[in-house]
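What follows is the content of entry-v6.pdb, which has PDB, C-alpha atoms:
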```
MODEL        1
ATOM      1  CA  MET A 660      43.429 -29.786  28.616
ATOM      2  CA  SER A 661      41.627 -26.676  27.325
ATOM      3  CA  ILE A 662      39.748 -25.714  24.200
ATOM      4  CA  ASN A 663      40.389 -22.328  22.657
ATOM      5  CA  PRO A 664      38.195 -21.288  19.730
ATOM      6  CA  VAL A 665      40.079 -20.201  16.644
ATOM      7  CA  ALA A 666      37.114 -18.820  14.686
ATOM      8  CA  PHE A 667      33.345 -18.691  14.617
ATOM      9  CA  LEU A 668      31.236 -19.741  11.672
ATOM     10  CA  VAL A 669      28.482 -17.137  11.223
ATOM     11  CA  VAL A 670      25.525 -18.098   9.030
ATOM     12  CA  GLN A 671      23.177 -15.299   7.962
ATOM     13  CA  GLU A 672      20.428 -15.101   5.349
ATOM     14  CA  ASN A 673      22.572 -15.507   2.227
ATOM     15  CA  ASN A 674      26.031 -15.323   3.761
ATOM     16  CA  VAL A 675      28.374 -17.654   5.577
ATOM     17  CA  LYS A 676      31.331 -16.036   7.314
ATOM     18  CA  LEU A 677      34.310 -17.311   9.168
ATOM     19  CA  MET A 678      35.108 -14.830  11.916
ATOM     20  CA  PRO A 679      38.527 -15.415  13.505
ATOM     21  CA  VAL A 680      38.801 -14.867  17.225
ATOM     22  CA  ASP A 681      42.379 -13.606  17.308
ATOM     23  CA  HIS A 682      43.147 -10.605  15.183
ATOM     24  CA  ALA A 683      46.772  -9.753  14.805
ATOM     25  CA  SER A 684      45.966  -6.081  14.315
ATOM     26  CA  CYS A 685      43.171  -3.590  13.698
ATOM     27  CA  VAL A 686      43.826  -3.884   9.972
ATOM     28  CA  ASP A 687      42.766  -7.544  10.045
ATOM     29  CA  ARG A 688      39.563  -6.597  11.791
ATOM     30  CA  LEU A 689      38.859  -3.817   9.251
ATOM     31  CA  LEU A 690      39.506  -6.197   6.366
ATOM     32  CA  ASP A 691      36.935  -8.572   7.829
ATOM     33  CA  TYR A 692      34.310  -5.824   7.766
ATOM     34  CA  VAL A 693      35.061  -4.558   4.237
ATOM     35  CA  PRO A 694      32.799  -7.126   2.482
ATOM     36  CA  ASP A 695      29.892  -6.200   4.781
ATOM     37  CA  LEU A 696      30.463  -2.523   4.122
ATOM     38  CA  MET A 697      30.605  -3.099   0.367
ATOM     39  CA  GLN A 698      27.394  -5.144   0.490
ATOM     40  CA  LYS A 699      25.562  -2.451   2.456
ATOM     41  CA  MET A 700      26.756   0.261   0.063
ATOM     42  CA  ASN A 701      25.681  -1.855  -2.902
ATOM     43  CA  ASP A 702      22.243  -2.402  -1.352
ATOM     44  CA  MET A 703      21.909   1.310  -0.666
ATOM     45  CA  PHE A 704      22.813   2.234  -4.261
ATOM     46  CA  ASN A 705      20.463  -0.405  -5.661
ATOM     47  CA  LYS A 706      17.673   0.912  -3.464
ATOM     48  CA  LYS A 707      18.273   4.487  -4.664
ATOM     49  CA  ILE A 708      18.363   3.350  -8.292
ATOM     50  CA  SER A 709      15.148   1.337  -7.933
ATOM     51  CA  GLN A 710      13.413   4.280  -6.228
ATOM     52  CA  LYS A 711      14.496   6.572  -9.067
ATOM     53  CA  GLU A 712      13.282   4.065 -11.670
ATOM     54  CA  GLU A 713       9.920   3.755  -9.904
ATOM     55  CA  LYS A 714       9.624   7.530  -9.747
ATOM     56  CA  ASP A 715      10.490   7.830 -13.461
ATOM     57  CA  LYS A 716       7.966   5.113 -14.337
ATOM     58  CA  LYS A 717       5.286   6.901 -12.322
ATOM     59  CA  ILE A 718       6.058  10.212 -14.039
ATOM     60  CA  LEU A 719       5.943   8.560 -17.471
ATOM     61  CA  TYR A 720       2.675   6.818 -16.606
ATOM     62  CA  ASP A 721       1.177  10.096 -15.395
ATOM     63  CA  LEU A 722       2.308  11.876 -18.565
ATOM     64  CA  LYS A 723       0.957   9.114 -20.805
ATOM     65  CA  SER A 724      -2.373   9.016 -18.990
ATOM     66  CA  LYS A 725      -2.631  12.824 -19.170
ATOM     67  CA  LYS A 726      -1.858  12.758 -22.909
ATOM     68  CA  CYS A 727      -4.458  10.032 -23.389
ATOM     69  CA  LYS A 728      -7.031  12.071 -21.474
ATOM     70  CA  ASP A 729      -6.123  15.170 -23.493
ATOM     71  CA  ASN A 730      -6.380  13.222 -26.746
ATOM     72  CA  ILE A 731      -9.748  11.774 -25.771
ATOM     73  CA  THR A 732     -10.974  15.255 -24.851
ATOM     74  CA  ASN A 733      -9.629  16.622 -28.123
ATOM     75  CA  ILE A 734     -11.318  13.835 -30.061
ATOM     76  CA  ASP A 735     -14.614  14.519 -28.276
ATOM     77  CA  LYS A 736     -14.242  18.252 -28.786
ATOM     78  CA  SER A 737     -13.257  17.858 -32.401
ATOM     79  CA  ALA A 738     -16.428  15.885 -33.113
ATOM     80  CA  GLU A 739     -18.493  18.583 -31.412
ATOM     81  CA  VAL A 740     -16.517  21.344 -33.087
ATOM     82  CA  GLN A 741     -16.910  19.708 -36.466
ATOM     83  CA  GLY A 742     -20.678  19.608 -35.995
ATOM     84  CA  GLN A 743     -20.708  23.212 -34.888
ATOM     85  CA  GLU A 744     -18.481  24.269 -37.767
ATOM     86  CA  GLN A 745     -20.833  22.583 -40.221
ATOM     87  CA  LYS A 746     -23.785  24.429 -38.694
ATOM     88  CA  VAL A 747     -21.867  27.711 -38.867
ATOM     89  CA  GLN A 748     -20.987  27.094 -42.513
ATOM     90  CA  GLU A 749     -24.598  26.233 -43.346
ATOM     91  CA  ASN A 750     -25.789  29.380 -41.581
ATOM     92  CA  GLU A 751     -23.192  31.492 -43.378
ATOM     93  CA  GLU A 752     -24.307  30.053 -46.737
ATOM     94  CA  LYS A 753     -27.943  30.783 -45.867
ATOM     95  CA  MET A 754     -27.014  34.325 -44.885
ATOM     96  CA  LYS A 755     -25.096  34.805 -48.138
ATOM     97  CA  LYS A 756     -28.065  33.548 -50.141
ATOM     98  CA  GLN A 757     -30.456  35.804 -48.214
ATOM     99  CA  ASN A 758     -28.106  38.793 -48.596
ATOM    100  CA  ASN A 759     -27.718  38.117 -52.310
ATOM    101  CA  ILE A 760     -31.456  37.902 -52.754
ATOM    102  CA  GLU A 761     -32.051  41.066 -50.725
ATOM    103  CA  ILE A 762     -29.293  42.922 -52.571
ATOM    104  CA  THR A 763     -30.576  41.909 -55.979
ATOM    105  CA  GLU A 764     -34.143  42.726 -54.963
ATOM    106  CA  SER A 765     -33.147  46.028 -53.449
ATOM    107  CA  ASP A 766     -30.884  46.723 -56.389
ATOM    108  CA  GLY A 767     -33.703  45.800 -58.723
ATOM    109  CA  GLU A 768     -36.176  47.962 -56.841
ATOM    110  CA  VAL A 769     -33.759  50.859 -56.719
ATOM    111  CA  PHE A 770     -32.992  50.572 -60.382
ATOM    112  CA  GLY A 771     -36.661  50.049 -61.136
ATOM    113  CA  GLU A 772     -37.686  53.210 -59.316
ATOM    114  CA  GLU A 773     -35.117  55.423 -60.991
TER     115      GLU A 773
ENDMDL
END
```
Can the structure from this file be put into structure tokens for me?
Amino acid sequence: MSINPVAFLVVQENNVKLMPVDHASCVDRLLDYVPDLMQKMNDMFNKKISQKEEKDKKILYDLKSKKCKDNITNIDKSAEVQGQEQKVQENEEKMKKQNNIEITESDGEVFGEE
């Protein structure tokens, strides 16, 4: 009496496989490995896709944070610029008033002397 195995039951992480001992041809053996090959290719593609998504998310985050920083800087600058513009306008108005006074006085003095 002898015992000859017909197949092996292979249990992996999420897979259970029945691996026959006798293969009639190489084609049978290749067909047994096709699901493993497909799974590895699928994992590889999923990994590439997830890496690309992570890269895109990082780029978007960097762009958003840069825009936020630029906007904050622009807001800060605009407040400073507004204050400076008001001072410039006030100074220009003062200069206009002084020039008008000087012109009228000089015009008056010139006309008065003639």
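Residues surrounding Val669 (chain A) within 12 Å are Asn674, Val675, Lys676, Leu677, Met678 and Pro679 of chain A [all atoms listed in the file; sequence separation below 5 positions excluded].
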Next on the checklist: Could you tell me how far CA of Glu672 (chain A) sits from CA of Asn701 (chain A), in Å to one decimal place?
Outcome noted: 16.5 Å
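Note that the spacing between CA of Leu719 (chain A) and CA of Lys706 (chain A) amounts to 19.8 Å.
For the pair CA of Met703 (chain A) and CA of Val670 (chain A), the separation is 22.0 Å.
Listed by chain and then by number, the residues chosen by the PyMOL selection byres ((chain A and resi 680) around 8) in this file are Pro664, Val665, Ala666, Phe667, Met678, Pro679, Asp681 and His682 of chain A.
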Take the residues from that selection and write them out as a CSV table (one decimal), keeping the file's coordinate frame, keeping C-alpha atoms.
```csv
chain,number,residue,atom,x,y,z
A,664,PRO,CA,38.2,-21.3,19.7
A,665,VAL,CA,40.1,-20.2,16.6
A,666,ALA,CA,37.1,-18.8,14.7
A,667,PHE,CA,33.3,-18.7,14.6
A,678,MET,CA,35.1,-14.8,11.9
A,679,PRO,CA,38.5,-15.4,13.5
A,681,ASP,CA,42.4,-13.6,17.3
A,682,HIS,CA,43.1,-10.6,15.2
```
